[in-house]
Amino acid sequence: MKRLNPGWLYEIVIVTLIFAFAGNLGFERYLNNNQSASFYQSQFGAAVTLACGRGFVDVDPFITQELGAFLSKVTDTFDCDNLPDQLTTRERDHWADFQEDHFYLLGAAALTWKLTGVSWTGLSWLIGLLYAFFMTFSYGLFRLGMGRPTAFVITMLFMVSTLQVSHLIHYRDFSKAPFILGAIFFTCFLVTKNVSRNSLLMISSLTGALLGIGIGFRLDALICLPFFLMSFLFIKAGNVFVDDLKNKAFAISLFFISFFLAGLPVLLTLSGGSNSWHVALVGLVVGMDPGVELSQLYKTVRVSADGYIQHIVTGQERLINGSSEYPAYQTGEYDAACARLYFDIAKHFPADFIARVYSLIYRVLDLPFHAAYPKPPVSGDVYLVFHKLRAMLFPANLHGVGIFFVTSAIVAIMVQSSRLGIFAILFLGYFCGYPVIQSSIRHYFHLEFVTLWAIGFLISGLFLVVRRMVITEGDEGKANFVINKKHASMRIAAISFGLVLLAPGLLYSARAYQTSHLKDIFNEVITREGEAVKMWEQKWTDTETIVWAPPIPRYRNLKDEWYVDTFYIRAEFDMEKCGKNEINIRSHYHGKKGSNDYSAAYTIRAPVTGSGKTLLAMPVFDSSNLLFSGFGMQKEDIPCLDKVYHIKDVSGFPLLLYLNLPVGWENEPLYSTMRF
């Protein structure tokens with residue numbers, strides 16, 4: 001009988017320990033903190049009916065008092081006997097898409113409840129299992145760049161991270177992490193190892209199935225698909241070019257077959273519209289990205305409310321793109337309209353997008369230090385030991401050094417292999433930059449592993465360098481350096497030259513283009529003729545008066561039928577008239593009870609030198625649930641408002657921009673800046 005390699009025995013023991021430690025931590029953390037967990041529990045009615053053997057039914061959450069109390073988290077448990085014989089489904093709305101888009105998320109909860117009974121605390125077993133797989137895949141990733149001891153320690157430090165432990169209780173947001181880390185592990189394994197043809201096909205199929213299931217937990221897992229396909233440029237799949245192409249084509253085919261078969265329940269619903277580009281537009285809202293200092297002269301999207309995004313998309317389609325139809329919410333047509341608007345914004349504001357990507361890369365790489373909290377996440381001697389070690393190694397006062405460790409690791413990889421170095425750079429830009437779509441940390445908390453991997457890789461490499469001055473090619477996932485002084489020096493010089501020139505060069509080139517381009521767009525808005533509107537005043541509060549006249553007569557009233565009309569207006573403020581240096585106003589909306597408020601504050605300033613008018617331009621909305629009613633101002637500031645124009649002809653405008661242009665705006669930076 002063939003003896004098992006001792007190395008594999010060590011690996012099995014370590015993986016078992018990590019799986020057990022992580023599973024227990026996840027179980028305990030959720031069990032003790034599930035009251036503060038938030039994952040749209042009110043929408044888990046279909047999981048309840050499935051667990052109770054009644055099928056996957058989007059049941060009315062208040063069909064019984066007991067079900068309503070459970071889904072509202074008033075009670076922790078639910079008895080299936082309290083479901084009525086006749087299940088009443090609720091009216092189809094956007095929450096119905098939640099049920100379908102999260103089929104596996106709800107299905108996994110239902111399966112857990114089938115075994116443990118329907119209760120929120122019962123999900124502790126499921127959360128523990130997900131965290132165990134999350135950390136197991138993390139260990140696999142770490143092993144690709146370091147030896148076993150280092151990988152084990154780094155994994156344990158990652159496991160007790162307060163950032164990870166604080167997110168694991170939020171079932172929906174956390175559930176994507178094991179699938180994303182698993183897909184990244186398999187992708188990197190194929191790139192870094194010379195695998196056999198059968199292994200390539202098996203791993204490709206497994207990755208496809210993993211992502212197919214993952215999108216049923218949260219659609220974020222789909223982000224791994226393009227990168228997996230791109231990685232085949234770096235995978236060695238055969239010694240002969242023709243065989244290499246054949247094997248790769250077969251592997252990609254198996255990947256897609258597995259992906260579609262596993263993800264079929266979700267993919268069928270997404271064919272009618274995934275709402276992904278709507279979510280991406282929400283990510284552009286002012287204040288969503290704390291790492292970027294946005295220009296005060298212009299805004300593209302102002303409010304994060306779903307209704308507002310629908311309004312601005314509809315306005316763009318009808319006024320700019322000339323559509324006569326309202327793209328229905330959460331349909332393929334609406335998705336396409338959102339995508340058009342998103343790419344139009346990116347096309348006209350490339351410097352702002354690049355700044356956001358750079359800012360997010362910096363913030364992602366800084367996660368181990370930025371999220372270094374002194375309070376232990378859980379009790380237990382093992383966890384406390386590693387938590388104290390983590391606090392010692394990653395103090396918060398090292399904020400900002402993550403990019404140094406990652407850059408050093410990339411240089412070290414490039415010294416060994418140009419192929420792997422280029423792959424590492426692309427990996428860094430893709431996975432650390434994609435949170436630009438949604439920059440809230442709940443979308444990228446799991447990427448903390450990137451900097452930890454770089455640190456472990458450098459430590460492992462340092463140990464090897466100390467042990468032997470020349471390190472040759474290894475075979476067990478250790479940090480490998482091929483020391484060829486001439487080639488190494490050339491590669492380091494090329495990397496340094498590229499990083500020093502390419503990254504800032506790209507940003508400054510984009511800024512130069514954007515500045516010139518926006519001047520043309522802004523001047524077009526300023527000089528476009530409009531129809532002057534007569535203004536009148538209406539007292540709103542003791543301190544605020546509404547000044548407005550509708551730009552055109554309103555032929556519709558607030559009613560149940562959904563509609564939205566969009567107008568583009570330009571207001572001119574003459575600060576010399578009122579003798580003030582600065583006034584504060586707000587665009588004022590009012591509407592039905594419970595509707596979102598799109599009102600926004602603006603500061604109007606007098607020219608620092610010279611004279612002239614400050615211009616305020618914006619789209620305004622008249623819809624079935626709210627309408628623009630004017631500018632809210634203090635009574636004594638009203639003389640500052642000189643004229644308001646309704647710009648009926650917006651042909652040639654690329655976007656419905658929000659502009660606040662004082663005298664001399666041409667000399668101001670027309671781009672966003674980064675802050676660290």
# chains A, B, ... in the order shown; residues from 1 in each chain; ligands from 1
>>> residues_around(residues="A:Arg90", least_positions_apart="4", cutoff="9 Å", atoms="only C-alpha atoms", output="ChimeraX atom specification")
/A:58-61,96
>>> write_last_selection(atoms="all heavy atoms", output="PDB file, in the first residue's frame")
ATOM      1  N   ASP A  58     -43.923  32.790  -1.597  1.00  0.00           N
ATOM      2  CA  ASP A  58     -43.771  34.179  -1.141  1.00  0.00           C
ATOM      3  C   ASP A  58     -45.035  34.557  -0.386  1.00  0.00           C
ATOM      4  O   ASP A  58     -45.909  35.261  -0.873  1.00  0.00           O
ATOM      5  CB  ASP A  58     -43.544  35.100  -2.344  1.00  0.00           C
ATOM      6  CG  ASP A  58     -43.281  36.535  -1.925  1.00  0.00           C
ATOM      7  OD1 ASP A  58     -42.951  36.760  -0.744  1.00  0.00           O
ATOM      8  OD2 ASP A  58     -43.417  37.436  -2.776  1.00  0.00           O
ATOM      9  N   VAL A  59     -45.100  34.071   0.837  1.00  0.00           N
ATOM     10  CA  VAL A  59     -46.320  34.184   1.632  1.00  0.00           C
ATOM     11  C   VAL A  59     -46.460  35.589   2.199  1.00  0.00           C
ATOM     12  O   VAL A  59     -45.463  36.281   2.454  1.00  0.00           O
ATOM     13  CB  VAL A  59     -46.288  33.134   2.777  1.00  0.00           C
ATOM     14  CG1 VAL A  59     -45.171  33.437   3.758  1.00  0.00           C
ATOM     15  CG2 VAL A  59     -47.613  33.056   3.493  1.00  0.00           C
ATOM     16  N   ASP A  60     -47.679  36.019   2.373  1.00  0.00           N
ATOM     17  CA  ASP A  60     -47.950  37.281   3.061  1.00  0.00           C
ATOM     18  C   ASP A  60     -47.372  37.184   4.468  1.00  0.00           C
ATOM     19  O   ASP A  60     -47.749  36.306   5.248  1.00  0.00           O
ATOM     20  CB  ASP A  60     -49.459  37.512   3.124  1.00  0.00           C
ATOM     21  CG  ASP A  60     -49.826  38.841   3.776  1.00  0.00           C
ATOM     22  OD1 ASP A  60     -48.941  39.457   4.393  1.00  0.00           O
ATOM     23  OD2 ASP A  60     -50.995  39.253   3.674  1.00  0.00           O
ATOM     24  N   PRO A  61     -46.419  38.059   4.827  1.00  0.00           N
ATOM     25  CA  PRO A  61     -45.747  37.909   6.131  1.00  0.00           C
ATOM     26  C   PRO A  61     -46.684  38.047   7.323  1.00  0.00           C
ATOM     27  O   PRO A  61     -46.341  37.613   8.428  1.00  0.00           O
ATOM     28  CB  PRO A  61     -44.692  39.027   6.113  1.00  0.00           C
ATOM     29  CG  PRO A  61     -45.158  39.997   5.090  1.00  0.00           C
ATOM     30  CD  PRO A  61     -45.894  39.199   4.067  1.00  0.00           C
ATOM     31  N   ALA A  96     -40.643  40.484  -4.039  1.00  0.00           N
ATOM     32  CA  ALA A  96     -40.793  39.170  -4.668  1.00  0.00           C
ATOM     33  C   ALA A  96     -39.502  38.797  -5.394  1.00  0.00           C
ATOM     34  O   ALA A  96     -39.091  37.636  -5.409  1.00  0.00           O
ATOM     35  CB  ALA A  96     -41.971  39.188  -5.634  1.00  0.00           C
TER      36      ALA A  96
END
>>> select_by_dssp(residues="stretch 165-322 of chain A", states="helix (DSSP H, G or I)", output="PyMOL selection string")
chain A and resi 165-167+171-192+197-214+219-233+241-270+276-282+306-320
>>> closest_residue(among="A:Leu229, A:Leu659, A:Ala391, A:Ala47", to="A:Cys188", atoms="only C-alpha atoms")
A:Leu229
>>> closest_residue(among="A:Thr673, A:His348, A:Gly147, A:Val650", to="A:Tyr10", atoms="only C-alpha atoms")
A:Gly147
>>> residues_around(residues="stretch 570-578 of chain A", least_positions_apart="2", cutoff="6 Å", atoms="only C-alpha atoms", output="JSON, numbers by chain")
{"A": [580, 606, 613, 614, 615, 616, 617, 639, 640, 641, 642, 643, 644, 645]}
>>> write_last_selection(atoms="all heavy atoms", output="compact mmCIF listing (two decimals), in the first residue's frame")
# COMPACT_ATOMS: atom_id res chain seq x y z
N LYS A 580 -25.05 90.14 0.17
CA LYS A 580 -24.57 89.06 1.03
C LYS A 580 -23.42 88.32 0.36
O LYS A 580 -23.34 88.23 -0.87
CB LYS A 580 -25.69 88.09 1.36
CG LYS A 580 -26.79 88.69 2.23
CD LYS A 580 -27.60 87.61 2.90
CE LYS A 580 -28.53 88.22 3.95
NZ LYS A 580 -29.23 87.19 4.72
N ALA A 606 -20.90 84.65 -3.09
CA ALA A 606 -20.61 85.82 -3.92
C ALA A 606 -19.22 85.68 -4.52
O ALA A 606 -18.36 84.97 -3.95
CB ALA A 606 -20.70 87.08 -3.07
N LYS A 613 -22.90 86.54 -11.79
CA LYS A 613 -23.95 85.73 -11.18
C LYS A 613 -23.47 84.30 -10.93
O LYS A 613 -22.71 83.74 -11.71
CB LYS A 613 -25.18 85.70 -12.08
CG LYS A 613 -25.84 87.06 -12.27
CD LYS A 613 -27.04 86.97 -13.19
CE LYS A 613 -27.71 88.34 -13.37
NZ LYS A 613 -28.89 88.26 -14.27
N THR A 614 -23.95 83.75 -9.82
CA THR A 614 -23.74 82.34 -9.53
C THR A 614 -24.89 81.55 -10.14
O THR A 614 -26.06 81.92 -9.98
CB THR A 614 -23.68 82.09 -8.02
OG1 THR A 614 -22.55 82.78 -7.48
CG2 THR A 614 -23.55 80.61 -7.71
N LEU A 615 -24.56 80.47 -10.83
CA LEU A 615 -25.57 79.68 -11.55
C LEU A 615 -25.79 78.34 -10.86
O LEU A 615 -24.83 77.66 -10.48
CB LEU A 615 -25.13 79.45 -13.00
CG LEU A 615 -24.80 80.71 -13.80
CD1 LEU A 615 -24.34 80.33 -15.20
CD2 LEU A 615 -26.01 81.63 -13.89
N LEU A 616 -27.05 77.98 -10.73
CA LEU A 616 -27.43 76.70 -10.15
C LEU A 616 -28.33 75.99 -11.16
O LEU A 616 -29.39 76.50 -11.52
CB LEU A 616 -28.18 76.92 -8.83
CG LEU A 616 -28.41 75.70 -7.93
CD1 LEU A 616 -27.09 75.16 -7.41
CD2 LEU A 616 -29.32 76.08 -6.76
N ALA A 617 -27.87 74.83 -11.66
CA ALA A 617 -28.64 74.07 -12.65
C ALA A 617 -28.89 72.67 -12.13
O ALA A 617 -28.02 72.09 -11.45
CB ALA A 617 -27.91 74.02 -13.98
N PRO A 639 -34.16 88.32 -2.40
CA PRO A 639 -33.67 89.20 -3.47
C PRO A 639 -32.42 88.68 -4.18
O PRO A 639 -32.11 89.14 -5.29
CB PRO A 639 -33.38 90.52 -2.74
CG PRO A 639 -34.28 90.50 -1.55
CD PRO A 639 -34.33 89.07 -1.14
N CYS A 640 -31.70 87.77 -3.56
CA CYS A 640 -30.50 87.23 -4.21
C CYS A 640 -30.86 86.39 -5.43
O CYS A 640 -30.05 86.24 -6.35
CB CYS A 640 -29.70 86.38 -3.23
SG CYS A 640 -29.05 87.27 -1.81
N LEU A 641 -32.06 85.79 -5.42
CA LEU A 641 -32.49 84.95 -6.55
C LEU A 641 -32.99 85.86 -7.66
O LEU A 641 -34.05 86.47 -7.55
CB LEU A 641 -33.59 83.98 -6.11
CG LEU A 641 -34.15 83.05 -7.18
CD1 LEU A 641 -33.06 82.22 -7.84
CD2 LEU A 641 -35.21 82.13 -6.58
N ASP A 642 -32.21 85.95 -8.74
CA ASP A 642 -32.52 86.89 -9.82
C ASP A 642 -33.52 86.31 -10.81
O ASP A 642 -34.59 86.88 -11.03
CB ASP A 642 -31.22 87.28 -10.53
CG ASP A 642 -31.44 88.38 -11.55
OD1 ASP A 642 -32.22 89.31 -11.26
OD2 ASP A 642 -30.83 88.31 -12.63
N LYS A 643 -33.21 85.19 -11.42
CA LYS A 643 -34.08 84.59 -12.42
C LYS A 643 -34.00 83.08 -12.36
O LYS A 643 -33.00 82.51 -11.92
CB LYS A 643 -33.71 85.07 -13.84
CG LYS A 643 -33.98 86.54 -14.12
CD LYS A 643 -33.68 86.88 -15.55
CE LYS A 643 -33.91 88.36 -15.83
NZ LYS A 643 -35.31 88.75 -15.60
N VAL A 644 -35.06 82.43 -12.83
CA VAL A 644 -35.10 80.98 -13.00
C VAL A 644 -35.55 80.69 -14.41
O VAL A 644 -36.52 81.29 -14.90
CB VAL A 644 -36.04 80.31 -11.98
CG1 VAL A 644 -36.09 78.80 -12.23
CG2 VAL A 644 -35.61 80.59 -10.56
N TYR A 645 -34.85 79.79 -15.09
CA TYR A 645 -35.18 79.43 -16.46
C TYR A 645 -35.50 77.93 -16.54
O TYR A 645 -34.85 77.11 -15.89
CB TYR A 645 -34.00 79.71 -17.40
CG TYR A 645 -33.66 81.17 -17.53
CD1 TYR A 645 -32.69 81.74 -16.70
CD2 TYR A 645 -34.28 81.98 -18.48
CE1 TYR A 645 -32.36 83.08 -16.81
CE2 TYR A 645 -33.96 83.32 -18.60
CZ TYR A 645 -32.99 83.86 -17.76
OH TYR A 645 -32.67 85.19 -17.88
>>> residues_around(residues="A:Tyr326", least_positions_apart="2", cutoff="8 Å", atoms="only C-alpha atoms", output="ChimeraX atom specification")
/A:314,318,323-324,328,563
>>> write_last_selection(atoms="N, CA, C and O atoms", output="mmCIF file, in the first residue's frame")
data_model
loop_
_atom_site.group_PDB
_atom_site.id
_atom_site.type_symbol
_atom_site.label_atom_id
_atom_site.label_comp_id
_atom_site.auth_asym_id
_atom_site.auth_seq_id
_atom_site.Cartn_x
_atom_site.Cartn_y
_atom_site.Cartn_z
ATOM 1 N N THR A 314 -35.074 57.595 -15.592
ATOM 2 C CA THR A 314 -36.189 57.898 -16.492
ATOM 3 C C THR A 314 -35.992 59.250 -17.162
ATOM 4 O O THR A 314 -36.235 59.405 -18.371
ATOM 5 N N ARG A 318 -35.677 59.916 -21.231
ATOM 6 C CA ARG A 318 -36.692 60.690 -21.955
ATOM 7 C C ARG A 318 -36.140 62.013 -22.489
ATOM 8 O O ARG A 318 -36.421 62.391 -23.628
ATOM 9 N N SER A 323 -36.308 58.767 -25.433
ATOM 10 C CA SER A 323 -37.259 57.663 -25.322
ATOM 11 C C SER A 323 -38.643 58.199 -24.968
ATOM 12 O O SER A 323 -38.780 59.166 -24.226
ATOM 13 N N SER A 324 -39.656 57.577 -25.483
ATOM 14 C CA SER A 324 -41.032 57.979 -25.176
ATOM 15 C C SER A 324 -41.661 57.076 -24.126
ATOM 16 O O SER A 324 -42.804 57.283 -23.723
ATOM 17 N N ALA A 328 -39.761 50.176 -17.165
ATOM 18 C CA ALA A 328 -40.350 49.627 -15.941
ATOM 19 C C ALA A 328 -39.268 49.134 -14.997
ATOM 20 O O ALA A 328 -38.291 48.504 -15.412
ATOM 21 N N TYR A 563 -45.974 57.731 -12.618
ATOM 22 C CA TYR A 563 -45.400 58.496 -13.710
ATOM 23 C C TYR A 563 -44.308 59.382 -13.134
ATOM 24 O O TYR A 563 -44.220 59.618 -11.939
#
>>> atom_distance(atom1="atom CA of A:Thr603", atom2="atom CA of A:Asn660")
8.5 Å
>>> decode(residues="stretch 68-148 of chain A", atoms="C-alpha atoms", output="short mmCIF file (atom, residue, chain, number, x, y, z; two decimals), in the first residue's frame")
data_model
loop_
_atom_site.label_atom_id
_atom_site.label_comp_id
_atom_site.auth_asym_id
_atom_site.auth_seq_id
_atom_site.Cartn_x
_atom_site.Cartn_y
_atom_site.Cartn_z
CA GLY A 68 -45.61 38.29 11.49
CA ALA A 69 -44.03 38.33 14.95
CA PHE A 70 -41.33 35.86 13.88
CA LEU A 71 -40.41 37.68 10.68
CA SER A 72 -40.33 40.96 12.60
CA LYS A 73 -37.90 39.38 15.12
CA VAL A 74 -40.37 39.91 17.97
CA THR A 75 -40.18 36.18 18.66
CA ASP A 76 -37.21 33.88 18.08
CA THR A 77 -39.08 30.71 17.12
CA PHE A 78 -42.00 29.73 14.92
CA ASP A 79 -44.21 26.64 15.06
CA CYS A 80 -45.14 25.28 11.63
CA ASP A 81 -48.57 24.36 13.01
CA ASN A 82 -49.34 28.09 13.03
CA LEU A 83 -49.32 28.24 9.23
CA PRO A 84 -52.89 28.25 7.86
CA ASP A 85 -54.10 25.53 5.52
CA GLN A 86 -54.46 28.09 2.72
CA LEU A 87 -51.32 30.18 2.14
CA THR A 88 -51.98 33.70 0.90
CA THR A 89 -49.26 35.13 -1.29
CA ARG A 90 -48.69 38.85 -1.19
CA GLU A 91 -48.93 41.18 -4.15
CA ARG A 92 -45.90 40.97 -6.40
CA ASP A 93 -43.48 43.80 -5.73
CA HIS A 94 -39.70 44.29 -5.62
CA TRP A 95 -39.54 42.06 -2.54
CA ALA A 96 -40.79 39.17 -4.67
CA ASP A 97 -37.56 39.53 -6.64
CA PHE A 98 -35.64 39.31 -3.37
CA GLN A 99 -37.12 35.86 -2.75
CA GLU A 100 -36.20 34.65 -6.23
CA ASP A 101 -32.77 36.30 -6.43
CA HIS A 102 -31.77 34.79 -3.05
CA PHE A 103 -33.10 31.29 -3.67
CA TYR A 104 -30.11 29.49 -2.13
CA LEU A 105 -29.81 31.99 0.74
CA LEU A 106 -33.38 31.23 1.78
CA GLY A 107 -33.05 27.56 0.82
CA ALA A 108 -30.03 27.07 3.07
CA ALA A 109 -31.92 28.69 5.96
CA ALA A 110 -34.90 26.42 5.27
CA LEU A 111 -32.71 23.30 5.25
CA THR A 112 -31.14 24.36 8.54
CA TRP A 113 -34.56 24.96 10.07
CA LYS A 114 -35.71 21.58 8.80
CA LEU A 115 -33.02 20.04 10.99
CA THR A 116 -33.08 22.38 14.00
CA GLY A 117 -36.59 23.82 14.04
CA VAL A 118 -37.60 27.24 12.74
CA SER A 119 -35.77 29.80 14.86
CA TRP A 120 -33.36 32.68 14.29
CA THR A 121 -30.86 31.22 16.76
CA GLY A 122 -31.04 27.94 14.83
CA LEU A 123 -29.15 29.65 12.00
CA SER A 124 -26.06 29.58 14.25
CA TRP A 125 -25.18 26.19 12.74
CA LEU A 126 -25.40 27.56 9.21
CA ILE A 127 -23.35 30.66 10.03
CA GLY A 128 -20.72 28.51 11.73
CA LEU A 129 -20.51 26.26 8.66
CA LEU A 130 -20.14 29.24 6.30
CA TYR A 131 -17.43 30.77 8.46
CA ALA A 132 -15.60 27.43 8.58
CA PHE A 133 -15.53 27.20 4.78
CA PHE A 134 -14.58 30.89 4.53
CA MET A 135 -11.50 30.36 6.70
CA THR A 136 -10.62 27.05 5.06
CA PHE A 137 -10.52 28.68 1.64
CA SER A 138 -8.52 31.54 3.16
CA TYR A 139 -5.95 29.06 4.45
CA GLY A 140 -5.72 27.54 0.99
CA LEU A 141 -5.01 30.98 -0.47
CA PHE A 142 -2.37 31.71 2.14
CA ARG A 143 -0.70 28.35 1.44
CA LEU A 144 -0.16 29.38 -2.17
CA GLY A 145 2.28 32.02 -0.97
CA MET A 146 3.78 30.72 2.26
CA GLY A 147 4.66 27.64 4.31
CA ARG A 148 2.28 25.83 6.65
#
